[in-house]
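Presented below is the structure to which this report refers.
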Amino acid sequence: MDSLNNYLMVSAVLFSLGLFGVITRRNGVAVLMSVELILNSANINFVAFARFGGMNITGHVYALFIIVLAAAEAAVALAIIINIFNNFNTINIDDVSELKQ
Amino acid sequence: MADLVFWIIVGITLGSAVMVVTSKNLLYSAYALLFSFLGVTGLYVFLWADFIAVVQVVVYVGGILILIIFGIMLTNKITSVNISHASVQKGGGIFVVLTFVGMLGYMIYKTPWSIVAATEPVETTAVIGRLLMIEYLLPFEVTSLLLLGALIGATTLSRKDS
């Protein structure tokens, strides 16, 4: 538990799971959830290096900025997804390849 | 004891993340995401980041997850109980992910990280506040502008009549 490698490995696996979701999921909301997993893994890395790498609290500040960006991204992405649903009546992102219907 | 708790938290985080990306039901994915976020919160506590842990609970669990569940509810017909969604290209995805995690793991265990012995900080919130208001004032203000833009953009995008 007191080893940097453990945290980096957990974060790497979490990132890979998020990547898997982005690759295999075709539902817009599910892709968004996978992106949130990826952002969380980046945050674990920042905080782990703050604890072990001598970055001290600066790493926490970066993690805070990432959380804010994730919130903004989720809000805008869901607005776009709901708009797509209203226009195309589906959120399968493979079916939405045209800018207008 | 602390080791056991740590590995239980890691198990909850990664197990729920697997549920998120493989579950057939979209709502189950969303609820698994809740446990994954809570597991990451536990990791932050182990890393002495108490303020980040609280922010994680408030923003991710209280905000983003509720938004996502609203998104699911608004983009599916309420009458269809089974909100299913399939996965495609599973084989290719597993291949890419295993290669990727293998490369990352090799890199992590081969790199000689410079570990600095640190003592547990007495206060993190006050230091974060001081850093945000002095050294990182410009990024802080730019972030507030970005949040304002996202707020206006999201409301404009999701209006019925444009």
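Labels for the structure tokens follow display order: chains A, B, ..., residues from 1 in each chain, ligands from 1.
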Could the residues of chain B that have an atom at most 7 Å from chain A be listed as a tab-separated table, each with its closest atom pair and the distance in Å to one decimal, counting only C-alpha atoms and ordered by chain and ascending residue number?
```
residue	atom	partner	partner_atom	distance
B:Asp3	CA	A:Met1	CA	5.7
B:Phe6	CA	A:Met1	CA	6.4
B:Leu14	CA	A:Leu14	CA	6.5
B:Ala17	CA	A:Leu17	CA	6.7
B:Val18	CA	A:Leu17	CA	6.7
B:Val21	CA	A:Gly21	CA	4.9
B:Leu47	CA	A:Arg51	CA	6.1
B:Ile52	CA	A:His60	CA	6.8
B:Ile64	CA	A:Ala71	CA	6.2
B:Gly71	CA	A:Leu78	CA	6.2
B:Ile72	CA	A:Val29	CA	6.8
B:Thr75	CA	A:Phe85	CA	6.1
B:His85	CA	A:Asn27	CA	6.7
B:Ser87	CA	A:Arg25	CA	5.0
B:Val88	CA	A:Thr24	CA	4.9
B:Gln89	CA	A:Thr24	CA	5.7
B:Lys90	CA	A:Thr24	CA	6.0
B:Gly93	CA	A:Phe20	CA	5.7
B:Ile94	CA	A:Phe20	CA	7.0
B:Val97	CA	A:Ser16	CA	5.5
B:Val101	CA	A:Ser16	CA	6.3
B:Leu104	CA	A:Ala12	CA	6.6
B:Gly105	CA	A:Met9	CA	6.4
B:Ile108	CA	A:Asn5	CA	6.5
B:Tyr109	CA	A:Asn5	CA	6.8
B:Ser114	CA	A:Gly53	CA	6.4
B:Ile115	CA	A:Gly53	CA	5.2
B:Val116	CA	A:Gly54	CA	5.2
B:Ala117	CA	A:Phe52	CA	6.9
B:Thr124	CA	A:Ile57	CA	7.0
B:Val127	CA	A:Ile57	CA	7.0
B:Ile128	CA	A:Val61	CA	6.3
B:Leu147	CA	A:Ala72	CA	6.0
B:Ala150	CA	A:Ala72	CA	5.6
B:Gly153	CA	A:Val76	CA	6.8
B:Ala154	CA	A:Val76	CA	4.9
B:Leu157	CA	A:Ala79	CA	5.9
B:Ser158	CA	A:Ala79	CA	5.2
```
Using C-alpha atoms, can you write the selected residues to a file as a PDB file, in the first residue's frame?
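Saved to selection_35.pdb:
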```pdb
ATOM      1  CA  ASP B   3      -3.046  -3.198   3.567  1.00  0.00           C
ATOM      2  CA  PHE B   6      -6.292  -0.818   0.592  1.00  0.00           C
ATOM      3  CA  LEU B  14     -11.516  -1.890 -10.538  1.00  0.00           C
ATOM      4  CA  ALA B  17     -15.024  -0.172 -13.474  1.00  0.00           C
ATOM      5  CA  VAL B  18     -15.237  -3.563 -15.210  1.00  0.00           C
ATOM      6  CA  VAL B  21     -17.711  -1.040 -19.339  1.00  0.00           C
ATOM      7  CA  LEU B  47      -2.762   9.292  -0.423  1.00  0.00           C
ATOM      8  CA  ILE B  52      -9.613  16.108  -2.924  1.00  0.00           C
ATOM      9  CA  ILE B  64     -21.680  14.326 -12.497  1.00  0.00           C
ATOM     10  CA  GLY B  71     -29.093  11.824 -19.310  1.00  0.00           C
ATOM     11  CA  ILE B  72     -29.983   8.124 -19.332  1.00  0.00           C
ATOM     12  CA  THR B  75     -32.643   9.612 -23.756  1.00  0.00           C
ATOM     13  CA  HIS B  85     -26.858  -1.499 -24.881  1.00  0.00           C
ATOM     14  CA  SER B  87     -20.749  -3.735 -26.986  1.00  0.00           C
ATOM     15  CA  VAL B  88     -19.084  -4.039 -30.387  1.00  0.00           C
ATOM     16  CA  GLN B  89     -15.562  -5.008 -31.486  1.00  0.00           C
ATOM     17  CA  LYS B  90     -14.933  -6.756 -28.178  1.00  0.00           C
ATOM     18  CA  GLY B  93     -10.850  -3.838 -27.792  1.00  0.00           C
ATOM     19  CA  ILE B  94      -9.493  -6.517 -25.442  1.00  0.00           C
ATOM     20  CA  VAL B  97      -6.322  -2.780 -23.886  1.00  0.00           C
ATOM     21  CA  VAL B 101      -1.787  -2.141 -19.960  1.00  0.00           C
ATOM     22  CA  LEU B 104       2.219   0.724 -19.144  1.00  0.00           C
ATOM     23  CA  GLY B 105       3.007  -1.904 -16.503  1.00  0.00           C
ATOM     24  CA  ILE B 108       5.940   1.590 -14.441  1.00  0.00           C
ATOM     25  CA  TYR B 109       8.025  -1.239 -13.015  1.00  0.00           C
ATOM     26  CA  SER B 114      12.600   9.235  -7.534  1.00  0.00           C
ATOM     27  CA  ILE B 115      10.687   8.695  -4.309  1.00  0.00           C
ATOM     28  CA  VAL B 116      10.849  11.568  -1.866  1.00  0.00           C
ATOM     29  CA  ALA B 117      10.162  10.605   1.711  1.00  0.00           C
ATOM     30  CA  THR B 124      -4.058  20.411   3.040  1.00  0.00           C
ATOM     31  CA  VAL B 127      -2.294  25.168   1.518  1.00  0.00           C
ATOM     32  CA  ILE B 128      -4.507  24.439  -1.497  1.00  0.00           C
ATOM     33  CA  LEU B 147     -17.271  26.937 -16.166  1.00  0.00           C
ATOM     34  CA  ALA B 150     -19.948  25.509 -20.148  1.00  0.00           C
ATOM     35  CA  GLY B 153     -23.356  26.496 -23.617  1.00  0.00           C
ATOM     36  CA  ALA B 154     -25.142  23.577 -21.983  1.00  0.00           C
ATOM     37  CA  LEU B 157     -27.704  23.594 -26.485  1.00  0.00           C
ATOM     38  CA  SER B 158     -30.454  21.793 -24.605  1.00  0.00           C
TER      39      SER B 158
END
```
If you measure from atom CA of Leu151 of chain B to atom CA of Val35 of chain A, what distance in Å do you get, rounded to one decimal?
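Distance reported for this atom pair: 19.7 Å.
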